[in-house]
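Colleague: This structure is in structure tokens; I'll ask about it shortly.
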Amino acid sequence: MPAGDTTLRPEIAHSWWRSERSGLTPAGPQPRVEPDAVDRRGRLRTAAGPVLAELARQLGGADFCVVLADRAARITELSGGGRALRDRLESLGVVSGGVFLEETTGTNSLATAYELRRGVAVHGEEHYLEPFKRFSCYGHPITHPVTHRLVGVLDITCPSAAGSPLLAPLVARAARDVEDGLLRTARAAERRMLAAFRAATTGRQRPVLVLGEGVVLAGPAAVALLDPVDHLTLRELAAGSGGEGTLSAVTLASGRTVSVRWRPVEGSDGVLFDLAELPETGAPAHRSDAPVPGSAVYIGGAPGTGRTTAARSLADAAGVAVRTLDASEAVVRGDADWLARLERAAADHRGLLLVEDVHLLSETCAVRLHRIMTRRPGPWTVLTGAPPAGLTGSHAVLAADCPVQVELPTLRERTAELPGLVRAMIDGLGLGGRLHFTPAALAALSAQPFPGELRELHAVVRDVAARRSAGGVTVQDLPERYRFGPGTPAMTPLERAEYDTITAALLDCGGNKLRTARRLGISRTTLYSRMRALRITG
């Protein structure tokens, strides 16, 4: 690390050391620009496009530039920022195709986040290169939610004077949104692969499988015939053909010989393989009458987005009864009691078996539930839980094995529906026709982040109804914290982004300020200061 320098943070000092070892001098960058290598229609840019646009809108003005780099640390997209800022950055290689590695651009949030595989902020003098010292930048890696490989880095760059400690959690949240977009794209591709697999296996017993990025779909005959090393052989065959192909004889790891036909699955990176074991091997073809699992449903979303209501609407539409088990009860009653109730429900119920909050299940309970879902005969199973992108381990397996997945939007994404939602809640309280919210009150509610989602909105409506049972609800009738609206001083885009970031973190941490500050990576003093400035109570 730099000799005699004891003031740099450890991760910055080590980055300076790596930059020096690569032969870079602080005088200026050694930019490498590869515009022809930029993938302009790839999944990363598709998933990131709406997120970058929203992030630029939230930040507003000319002081902030949002930058996306790909898995090779090559810039693929820039948005936001005024002409003066963009001109200064372009002169330093911040252009489409610019390669931001520490060996070419030294210590900065794109190159160093790429190197460390975690979020990093670099401020002013912490930059290794002199021309970058006038900026602050905040970068966060983007990891593919299926393959867990690094696919890019998202960055916010601004003049040092415009920096804020809340830009780091803001860019981290935006990176997660890009990962959610990648997962939705992957789901669409996976659905296409699943449809192709089912079409190829319907009424047939010969070995068929689909291989994609992080996806293997194999029928019983293919499972019995192929070794994992055979998957590599098949992938190489398809990669070498550039499209469809046929080989009359391929020797497997087991010594058996098969003929192979393959074709790409349209709209995905998957390839479907149809195999036939050749008679001369002397090995009888494997046959199986194993039943195909039924169509389970996973409904994901933040707490309060209406997961239970959505699940029950499925039962209502089908005209069947609902049997509900709550995963949180396993925490209170213990796994053994909950599993016994699950087994009874699965054995006795012939309608819809609804299992709520499956992300809270222990590993033991999740594995048993998965077995019941794939058992036949069995009940129609609907699961609710956290957004699929946030699931891991056995909980992710539960969601992935549901052919139908529904992700409910947040209330902030449904502001156009808010008047109707409020009317429905008033009707549910028995006050329909007597109480209504004025346009000003609805506008004030539409400006809220609502981290508690529909549950929080319902609490507001219930609180108002308890104090006023008839007439028009005005802004002054709302609880004090919900009175922000067009008639009050407007927040800047950055203040709104800070407000949303802090309130969401407070909700996740149960209102605990110390945990919230740690979650955001800021001091409690800074948290309290920003809460006062943004009029956040709690």
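A note on labels: chains of the structure tokens are A, B, ... as shown, every chain counts residues from 1, and ligands are counted from 1 in their shown order.
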Neighbouring residues of Gly82 of chain A were defined as those with any atom within 10 Å, considering only C-alpha atoms; residues of the same chain fewer than 5 positions away were excluded. Please report them as a list in words.
Modeller: Gly60, Gly61, Ala62, Asp63, Phe64, Cys65 and Asp87 of chain A
Colleague: Determine, counting only C-alpha atoms, which protein, DNA and RNA residues have an atom within 8 Å of an atom of Val122 of chain A; residues of the same chain fewer than 4 positions away are not included. Present the result as a list in words.
Modeller: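 The contact residues come out as Ile12, Thr107, Asn108, Ser109, Glu126, His127, Ser136, Cys137 and Tyr138 of chain A.
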Colleague: How about saving the chosen residues, C-alpha atoms kept, as a PDB file, in the first residue's frame?
Modeller:
```pdb
ATOM      1  CA  ILE A  12      -8.942   2.237  -0.490  1.00  0.00           C
ATOM      2  CA  THR A 107      -9.322   3.479  -7.488  1.00  0.00           C
ATOM      3  CA  ASN A 108     -12.953   4.388  -8.266  1.00  0.00           C
ATOM      4  CA  SER A 109     -16.323   2.897  -7.463  1.00  0.00           C
ATOM      5  CA  GLU A 126      -9.484   8.747  -2.156  1.00  0.00           C
ATOM      6  CA  HIS A 127      -9.288   8.402  -5.943  1.00  0.00           C
ATOM      7  CA  SER A 136     -17.489  11.261  -5.415  1.00  0.00           C
ATOM      8  CA  CYS A 137     -18.757   7.943  -6.728  1.00  0.00           C
ATOM      9  CA  TYR A 138     -20.835   5.096  -5.340  1.00  0.00           C
TER      10      TYR A 138
END
```
Colleague: Contacts of His395 of chain A at 12 Å or less, counting only C-alpha atoms, minus same-chain residues fewer than 2 places along, as an mmCIF file with all heavy atoms, in the first residue's frame?
Modeller:
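Heads up, here's the output in part.cif:
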```cif
data_model
loop_
_atom_site.group_PDB
_atom_site.id
_atom_site.type_symbol
_atom_site.label_atom_id
_atom_site.label_comp_id
_atom_site.auth_asym_id
_atom_site.auth_seq_id
_atom_site.Cartn_x
_atom_site.Cartn_y
_atom_site.Cartn_z
ATOM 1 N N TYR A 298 -46.756 -19.817 -6.632
ATOM 2 C CA TYR A 298 -46.030 -19.018 -5.626
ATOM 3 C C TYR A 298 -46.415 -17.560 -5.812
ATOM 4 O O TYR A 298 -46.295 -17.005 -6.913
ATOM 5 C CB TYR A 298 -44.521 -19.166 -5.767
ATOM 6 C CG TYR A 298 -43.771 -18.452 -4.657
ATOM 7 C CD1 TYR A 298 -43.492 -19.106 -3.465
ATOM 8 C CD2 TYR A 298 -43.382 -17.121 -4.788
ATOM 9 C CE1 TYR A 298 -42.840 -18.451 -2.423
ATOM 10 C CE2 TYR A 298 -42.722 -16.463 -3.758
ATOM 11 C CZ TYR A 298 -42.461 -17.134 -2.587
ATOM 12 O OH TYR A 298 -41.823 -16.481 -1.553
ATOM 13 N N GLY A 300 -45.418 -13.961 -4.460
ATOM 14 C CA GLY A 300 -44.398 -13.247 -3.703
ATOM 15 C C GLY A 300 -44.652 -11.756 -3.680
ATOM 16 O O GLY A 300 -45.327 -11.199 -4.555
ATOM 17 N N ALA A 327 -46.647 -20.344 8.164
ATOM 18 C CA ALA A 327 -45.301 -20.805 8.504
ATOM 19 C C ALA A 327 -44.803 -20.216 9.822
ATOM 20 O O ALA A 327 -43.981 -20.832 10.506
ATOM 21 C CB ALA A 327 -44.331 -20.451 7.370
ATOM 22 N N ASP A 357 -46.249 -17.314 4.124
ATOM 23 C CA ASP A 357 -44.921 -16.897 4.600
ATOM 24 C C ASP A 357 -43.916 -18.053 4.628
ATOM 25 O O ASP A 357 -43.230 -18.277 5.631
ATOM 26 C CB ASP A 357 -45.025 -16.257 5.999
ATOM 27 C CG ASP A 357 -45.778 -14.939 5.978
ATOM 28 O OD1 ASP A 357 -45.594 -14.184 5.014
ATOM 29 O OD2 ASP A 357 -46.538 -14.665 6.917
ATOM 30 N N VAL A 358 -43.802 -18.754 3.511
ATOM 31 C CA VAL A 358 -42.929 -19.930 3.483
ATOM 32 C C VAL A 358 -41.457 -19.576 3.687
ATOM 33 O O VAL A 358 -40.653 -20.441 4.046
ATOM 34 C CB VAL A 358 -43.097 -20.721 2.161
ATOM 35 C CG1 VAL A 358 -44.478 -21.307 2.054
ATOM 36 C CG2 VAL A 358 -42.783 -19.848 0.960
ATOM 37 N N HIS A 359 -41.086 -18.300 3.491
ATOM 38 C CA HIS A 359 -39.684 -17.907 3.699
ATOM 39 C C HIS A 359 -39.283 -17.983 5.163
ATOM 40 O O HIS A 359 -38.102 -17.897 5.490
ATOM 41 C CB HIS A 359 -39.454 -16.489 3.173
ATOM 42 C CG HIS A 359 -40.330 -15.453 3.805
ATOM 43 N ND1 HIS A 359 -41.644 -15.266 3.434
ATOM 44 C CD2 HIS A 359 -40.082 -14.554 4.789
ATOM 45 C CE1 HIS A 359 -42.162 -14.297 4.155
ATOM 46 N NE2 HIS A 359 -41.253 -13.847 4.989
ATOM 47 N N LEU A 360 -40.275 -18.179 6.076
ATOM 48 C CA LEU A 360 -39.978 -18.301 7.501
ATOM 49 C C LEU A 360 -39.764 -19.754 7.930
ATOM 50 O O LEU A 360 -39.387 -20.004 9.081
ATOM 51 C CB LEU A 360 -41.126 -17.700 8.328
ATOM 52 C CG LEU A 360 -41.431 -16.211 8.109
ATOM 53 C CD1 LEU A 360 -42.619 -15.790 8.966
ATOM 54 C CD2 LEU A 360 -40.217 -15.360 8.427
ATOM 55 N N LEU A 361 -40.007 -20.701 7.042
ATOM 56 C CA LEU A 361 -39.896 -22.112 7.407
ATOM 57 C C LEU A 361 -38.451 -22.513 7.665
ATOM 58 O O LEU A 361 -37.525 -22.027 7.012
ATOM 59 C CB LEU A 361 -40.464 -22.997 6.295
ATOM 60 C CG LEU A 361 -41.984 -22.991 6.103
ATOM 61 C CD1 LEU A 361 -42.344 -23.834 4.885
ATOM 62 C CD2 LEU A 361 -42.702 -23.505 7.346
ATOM 63 N N SER A 362 -38.285 -23.453 8.584
ATOM 64 C CA SER A 362 -36.968 -24.053 8.788
ATOM 65 C C SER A 362 -36.631 -24.944 7.594
ATOM 66 O O SER A 362 -37.505 -25.274 6.773
ATOM 67 C CB SER A 362 -36.963 -24.892 10.065
ATOM 68 O OG SER A 362 -37.803 -26.028 9.904
ATOM 69 N N GLU A 363 -35.384 -25.337 7.503
ATOM 70 C CA GLU A 363 -34.960 -26.212 6.412
ATOM 71 C C GLU A 363 -35.759 -27.508 6.415
ATOM 72 O O GLU A 363 -36.200 -27.991 5.362
ATOM 73 C CB GLU A 363 -33.465 -26.507 6.554
ATOM 74 C CG GLU A 363 -32.869 -27.314 5.423
ATOM 75 C CD GLU A 363 -32.585 -26.483 4.185
ATOM 76 O OE1 GLU A 363 -32.619 -25.245 4.280
ATOM 77 O OE2 GLU A 363 -32.341 -27.089 3.129
ATOM 78 N N THR A 364 -35.974 -28.067 7.603
ATOM 79 C CA THR A 364 -36.714 -29.332 7.720
ATOM 80 C C THR A 364 -38.129 -29.191 7.190
ATOM 81 O O THR A 364 -38.610 -30.015 6.400
ATOM 82 C CB THR A 364 -36.755 -29.787 9.188
ATOM 83 O OG1 THR A 364 -35.421 -29.977 9.656
ATOM 84 C CG2 THR A 364 -37.538 -31.088 9.334
ATOM 85 N N CYS A 365 -38.822 -28.122 7.599
ATOM 86 C CA CYS A 365 -40.201 -27.919 7.169
ATOM 87 C C CYS A 365 -40.276 -27.620 5.673
ATOM 88 O O CYS A 365 -41.188 -28.081 4.986
ATOM 89 C CB CYS A 365 -40.839 -26.787 7.967
ATOM 90 S SG CYS A 365 -41.113 -27.181 9.711
ATOM 91 N N ALA A 366 -39.314 -26.848 5.157
ATOM 92 C CA ALA A 366 -39.328 -26.508 3.739
ATOM 93 C C ALA A 366 -39.139 -27.752 2.877
ATOM 94 O O ALA A 366 -39.806 -27.917 1.847
ATOM 95 C CB ALA A 366 -38.246 -25.472 3.443
ATOM 96 N N VAL A 367 -38.240 -28.626 3.288
ATOM 97 C CA VAL A 367 -37.992 -29.856 2.525
ATOM 98 C C VAL A 367 -39.226 -30.745 2.534
ATOM 99 O O VAL A 367 -39.621 -31.306 1.503
ATOM 100 C CB VAL A 367 -36.766 -30.596 3.099
ATOM 101 C CG1 VAL A 367 -36.648 -31.980 2.483
ATOM 102 C CG2 VAL A 367 -35.490 -29.798 2.847
ATOM 103 N N ARG A 368 -39.881 -30.881 3.716
ATOM 104 C CA ARG A 368 -41.099 -31.717 3.794
ATOM 105 C C ARG A 368 -42.219 -31.126 2.940
ATOM 106 O O ARG A 368 -42.941 -31.865 2.261
ATOM 107 C CB ARG A 368 -41.548 -31.819 5.247
ATOM 108 C CG ARG A 368 -42.759 -32.747 5.443
ATOM 109 C CD ARG A 368 -42.381 -34.215 5.362
ATOM 110 N NE ARG A 368 -41.488 -34.547 6.444
ATOM 111 C CZ ARG A 368 -41.889 -34.872 7.695
ATOM 112 N NH1 ARG A 368 -43.178 -34.898 7.980
ATOM 113 N NH2 ARG A 368 -41.014 -35.183 8.626
ATOM 114 N N LEU A 369 -42.374 -29.802 2.986
ATOM 115 C CA LEU A 369 -43.405 -29.160 2.170
ATOM 116 C C LEU A 369 -43.139 -29.406 0.691
ATOM 117 O O LEU A 369 -44.072 -29.666 -0.084
ATOM 118 C CB LEU A 369 -43.441 -27.660 2.466
ATOM 119 C CG LEU A 369 -44.366 -26.810 1.580
ATOM 120 C CD1 LEU A 369 -45.810 -27.288 1.689
ATOM 121 C CD2 LEU A 369 -44.266 -25.333 1.966
ATOM 122 N N HIS A 370 -41.890 -29.360 0.301
ATOM 123 C CA HIS A 370 -41.547 -29.604 -1.104
ATOM 124 C C HIS A 370 -41.947 -31.023 -1.516
ATOM 125 O O HIS A 370 -42.470 -31.239 -2.617
ATOM 126 C CB HIS A 370 -40.045 -29.387 -1.313
ATOM 127 C CG HIS A 370 -39.608 -29.538 -2.736
ATOM 128 N ND1 HIS A 370 -39.067 -30.708 -3.235
ATOM 129 C CD2 HIS A 370 -39.655 -28.674 -3.782
ATOM 130 C CE1 HIS A 370 -38.791 -30.550 -4.518
ATOM 131 N NE2 HIS A 370 -39.128 -29.321 -4.883
ATOM 132 N N LEU A 383 -48.417 -21.097 -2.374
ATOM 133 C CA LEU A 383 -47.488 -20.597 -1.362
ATOM 134 C C LEU A 383 -47.427 -19.082 -1.453
ATOM 135 O O LEU A 383 -47.481 -18.513 -2.530
ATOM 136 C CB LEU A 383 -46.080 -21.157 -1.586
ATOM 137 C CG LEU A 383 -45.952 -22.662 -1.838
ATOM 138 C CD1 LEU A 383 -44.484 -23.009 -2.069
ATOM 139 C CD2 LEU A 383 -46.519 -23.457 -0.680
ATOM 140 N N THR A 384 -47.301 -18.432 -0.291
ATOM 141 C CA THR A 384 -47.024 -16.995 -0.297
ATOM 142 C C THR A 384 -45.727 -16.763 0.466
ATOM 143 O O THR A 384 -45.359 -17.542 1.347
ATOM 144 C CB THR A 384 -48.153 -16.175 0.359
ATOM 145 O OG1 THR A 384 -48.156 -16.383 1.780
ATOM 146 C CG2 THR A 384 -49.503 -16.540 -0.214
ATOM 147 N N GLY A 385 -45.037 -15.678 0.113
ATOM 148 C CA GLY A 385 -43.783 -15.392 0.794
ATOM 149 C C GLY A 385 -43.118 -14.148 0.251
ATOM 150 O O GLY A 385 -43.731 -13.355 -0.476
ATOM 151 N N ALA A 386 -41.867 -13.986 0.604
ATOM 152 C CA ALA A 386 -41.089 -12.833 0.180
ATOM 153 C C ALA A 386 -40.900 -12.861 -1.339
ATOM 154 O O ALA A 386 -41.088 -13.898 -1.983
ATOM 155 C CB ALA A 386 -39.731 -12.841 0.883
ATOM 156 N N PRO A 387 -40.524 -11.726 -1.943
ATOM 157 C CA PRO A 387 -40.250 -11.727 -3.384
ATOM 158 C C PRO A 387 -39.234 -12.802 -3.737
ATOM 159 O O PRO A 387 -38.251 -12.996 -3.014
ATOM 160 C CB PRO A 387 -39.678 -10.318 -3.629
ATOM 161 C CG PRO A 387 -40.294 -9.474 -2.547
ATOM 162 C CD PRO A 387 -40.376 -10.372 -1.347
ATOM 163 N N PRO A 388 -39.452 -13.540 -4.814
ATOM 164 C CA PRO A 388 -38.562 -14.667 -5.156
ATOM 165 C C PRO A 388 -37.097 -14.299 -5.229
ATOM 166 O O PRO A 388 -36.229 -15.107 -4.898
ATOM 167 C CB PRO A 388 -39.096 -15.133 -6.514
ATOM 168 C CG PRO A 388 -40.537 -14.731 -6.509
ATOM 169 C CD PRO A 388 -40.592 -13.441 -5.745
ATOM 170 N N ALA A 389 -36.783 -13.061 -5.661
ATOM 171 C CA ALA A 389 -35.379 -12.668 -5.798
ATOM 172 C C ALA A 389 -34.653 -12.675 -4.462
ATOM 173 O O ALA A 389 -33.421 -12.807 -4.422
ATOM 174 C CB ALA A 389 -35.278 -11.281 -6.431
ATOM 175 N N GLY A 390 -35.399 -12.530 -3.351
ATOM 176 C CA GLY A 390 -34.767 -12.496 -2.045
ATOM 177 C C GLY A 390 -34.669 -13.852 -1.370
ATOM 178 O O GLY A 390 -34.171 -13.948 -0.242
ATOM 179 N N LEU A 391 -35.133 -14.917 -2.023
ATOM 180 C CA LEU A 391 -35.123 -16.251 -1.422
ATOM 181 C C LEU A 391 -33.795 -16.950 -1.685
ATOM 182 O O LEU A 391 -33.151 -16.736 -2.703
ATOM 183 C CB LEU A 391 -36.261 -17.093 -1.996
ATOM 184 C CG LEU A 391 -37.676 -16.556 -1.800
ATOM 185 C CD1 LEU A 391 -38.683 -17.458 -2.499
ATOM 186 C CD2 LEU A 391 -38.022 -16.425 -0.318
ATOM 187 N N THR A 392 -33.416 -17.819 -0.757
ATOM 188 C CA THR A 392 -32.214 -18.624 -0.914
ATOM 189 C C THR A 392 -32.490 -20.043 -0.454
ATOM 190 O O THR A 392 -33.505 -20.311 0.197
ATOM 191 C CB THR A 392 -31.033 -18.043 -0.089
ATOM 192 O OG1 THR A 392 -31.417 -18.009 1.304
ATOM 193 C CG2 THR A 392 -30.668 -16.647 -0.542
ATOM 194 N N GLY A 393 -31.580 -20.945 -0.768
ATOM 195 C CA GLY A 393 -31.642 -22.319 -0.268
ATOM 196 C C GLY A 393 -32.951 -23.011 -0.589
ATOM 197 O O GLY A 393 -33.497 -22.909 -1.692
ATOM 198 N N VAL A 397 -35.921 -23.038 -3.716
ATOM 199 C CA VAL A 397 -36.341 -24.260 -4.412
ATOM 200 C C VAL A 397 -37.865 -24.363 -4.429
ATOM 201 O O VAL A 397 -38.472 -24.723 -5.444
ATOM 202 C CB VAL A 397 -35.720 -25.502 -3.742
ATOM 203 C CG1 VAL A 397 -36.304 -26.778 -4.335
ATOM 204 C CG2 VAL A 397 -34.205 -25.495 -3.909
ATOM 205 N N LEU A 398 -38.511 -24.039 -3.285
ATOM 206 C CA LEU A 398 -39.970 -24.078 -3.223
ATOM 207 C C LEU A 398 -40.580 -23.175 -4.285
ATOM 208 O O LEU A 398 -41.493 -23.574 -5.008
ATOM 209 C CB LEU A 398 -40.451 -23.636 -1.837
ATOM 210 C CG LEU A 398 -40.305 -24.634 -0.691
ATOM 211 C CD1 LEU A 398 -40.668 -23.973 0.629
ATOM 212 C CD2 LEU A 398 -41.201 -25.853 -0.916
ATOM 213 N N ALA A 399 -40.079 -21.943 -4.379
ATOM 214 C CA ALA A 399 -40.628 -21.006 -5.358
ATOM 215 C C ALA A 399 -40.334 -21.456 -6.781
ATOM 216 O O ALA A 399 -41.201 -21.392 -7.661
ATOM 217 C CB ALA A 399 -40.065 -19.608 -5.114
ATOM 218 N N ALA A 400 -39.101 -21.922 -7.007
ATOM 219 C CA ALA A 400 -38.701 -22.314 -8.364
ATOM 220 C C ALA A 400 -39.506 -23.494 -8.878
ATOM 221 O O ALA A 400 -39.705 -23.633 -10.089
ATOM 222 C CB ALA A 400 -37.206 -22.635 -8.387
ATOM 223 N N ASP A 401 -39.967 -24.346 -7.984
ATOM 224 C CA ASP A 401 -40.725 -25.524 -8.402
ATOM 225 C C ASP A 401 -42.210 -25.237 -8.573
ATOM 226 O O ASP A 401 -42.994 -26.168 -8.775
ATOM 227 C CB ASP A 401 -40.516 -26.667 -7.402
ATOM 228 C CG ASP A 401 -39.280 -27.488 -7.740
ATOM 229 O OD1 ASP A 401 -38.578 -27.103 -8.691
ATOM 230 O OD2 ASP A 401 -39.019 -28.498 -7.063
ATOM 231 N N CYS A 402 -42.614 -23.981 -8.470
ATOM 232 C CA CYS A 402 -43.995 -23.590 -8.755
ATOM 233 C C CYS A 402 -44.063 -23.100 -10.194
ATOM 234 O O CYS A 402 -43.480 -22.060 -10.519
ATOM 235 C CB CYS A 402 -44.453 -22.483 -7.806
ATOM 236 S SG CYS A 402 -44.581 -23.005 -6.076
#
```
Colleague: Which of segment 407-495 of chain A end up as strand (DSSP E) when DSSP is run on this backbone - answer as an NGL selection string?
Modeller: :A and (407 or 435-437 or 471-473)
Colleague: From the set A:Ala311, A:Leu353, A:Leu457, A:Ala276, which residue has the shortest atom-to-atom contact distance to Thr410 of chain A, counting only C-alpha atoms?
Modeller: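 Of the candidates, the smallest distance to Thr410 of chain A is held by A:Leu457.
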Colleague: In Å, with one decimal, what is the gap from atom CA of Pro264 of chain A to atom CA of Glu244 of chain A?
Modeller: 6.6 Å
Colleague: Residues at most 10 Å from Arg88 of chain A, counting only C-alpha atoms, excluding those fewer than 6 positions away in the same chain, as a VMD selection string?
Modeller: chain A and resid 94 131 to 132
Colleague: Find the residues near Glu54 of chain A: any atom within 10 Å, counting only C-alpha atoms, skip ones fewer than 4 places away on the same chain, and give them as a PyMOL selection string.
Modeller: chain A and resi 48-50+58-60+79-80+174
Colleague: Report the distance between atom CA of Val250 of chain A and atom CA of Ser268 of chain A in Å, rounded to one decimal place.
Modeller: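 These atoms are spaced 25.2 Å apart.
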Colleague: Give me, please, the distance in Å between atom CA of Pro207 of chain A and atom CA of Val260 of chain A, quoted to one decimal.
Modeller: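 A separation of 9.9 Å between them.
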Colleague: Can you check which residues of segment 111-223 of chain A DSSP gives as helix (DSSP H, G or I) on the backbone and send them as a PyMOL selection string?
Modeller: chain A and resi 111-116+124-126+130-132+160-162+167-201+220-223
Colleague: Rank nothing, just name the residue among A:Ala172, A:Ile536, A:Ala347, A:Asp177 nearest to Arg519 of chain A, using only C-alpha atoms.
Modeller: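 Result for the nearest residue to Arg519 of chain A: A:Ala172.
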Colleague: Skip Gly351 of chain A itself and residues of its chain fewer than 2 positions away, then list as a PyMOL selection string all residues within 7 Å of it, counting only C-alpha atoms.
Modeller: chain A and resi 320-322+349+353+379-380
Colleague: Would you mind exporting the chosen residues as an mmCIF file, in the first residue's frame, restricted to N, CA, C and O atoms?
Modeller:
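Dumped everything to selection.cif:
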```cif
data_model
loop_
_atom_site.group_PDB
_atom_site.id
_atom_site.type_symbol
_atom_site.label_atom_id
_atom_site.label_comp_id
_atom_site.auth_asym_id
_atom_site.auth_seq_id
_atom_site.Cartn_x
_atom_site.Cartn_y
_atom_site.Cartn_z
ATOM 1 N N VAL A 320 -63.319 -23.493 -4.947
ATOM 2 C CA VAL A 320 -62.887 -24.526 -4.006
ATOM 3 C C VAL A 320 -62.644 -23.904 -2.639
ATOM 4 O O VAL A 320 -62.445 -22.690 -2.507
ATOM 5 N N ALA A 321 -62.656 -24.745 -1.621
ATOM 6 C CA ALA A 321 -62.401 -24.287 -0.259
ATOM 7 C C ALA A 321 -60.903 -24.111 -0.025
ATOM 8 O O ALA A 321 -60.071 -24.665 -0.750
ATOM 9 N N VAL A 322 -60.566 -23.317 0.995
ATOM 10 C CA VAL A 322 -59.174 -23.023 1.314
ATOM 11 C C VAL A 322 -58.845 -23.559 2.703
ATOM 12 O O VAL A 322 -59.594 -23.357 3.656
ATOM 13 N N HIS A 349 -57.486 -32.559 2.785
ATOM 14 C CA HIS A 349 -58.086 -31.454 2.055
ATOM 15 C C HIS A 349 -58.003 -31.685 0.555
ATOM 16 O O HIS A 349 -56.971 -32.083 0.041
ATOM 17 N N LEU A 353 -54.689 -25.744 -0.724
ATOM 18 C CA LEU A 353 -53.876 -25.701 0.493
ATOM 19 C C LEU A 353 -52.981 -24.469 0.404
ATOM 20 O O LEU A 353 -52.096 -24.389 -0.448
ATOM 21 N N PRO A 379 -53.217 -32.080 -2.685
ATOM 22 C CA PRO A 379 -54.009 -30.867 -2.852
ATOM 23 C C PRO A 379 -53.332 -29.872 -3.791
ATOM 24 O O PRO A 379 -52.123 -29.918 -4.014
ATOM 25 N N TRP A 380 -54.119 -28.980 -4.313
ATOM 26 C CA TRP A 380 -53.592 -27.851 -5.067
ATOM 27 C C TRP A 380 -52.901 -26.925 -4.065
ATOM 28 O O TRP A 380 -53.530 -26.443 -3.114
#
```
Colleague: Tell me, as a PyMOL selection string, which residues lie within 12 Å of Ile522 of chain A, counting only C-alpha atoms; anything in the same chain fewer than 2 positions away does not count.
Modeller: chain A and resi 164-169+502+505+513-520+524-530
Colleague: Which residue gives the smallest distance to Arg468 of chain A among A:Ala444, A:Ala318, A:Leu154, A:Arg434, with only C-alpha atoms counted?
Modeller: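 Checking each candidate against Arg468 of chain A, we get A:Arg434 as the closest.
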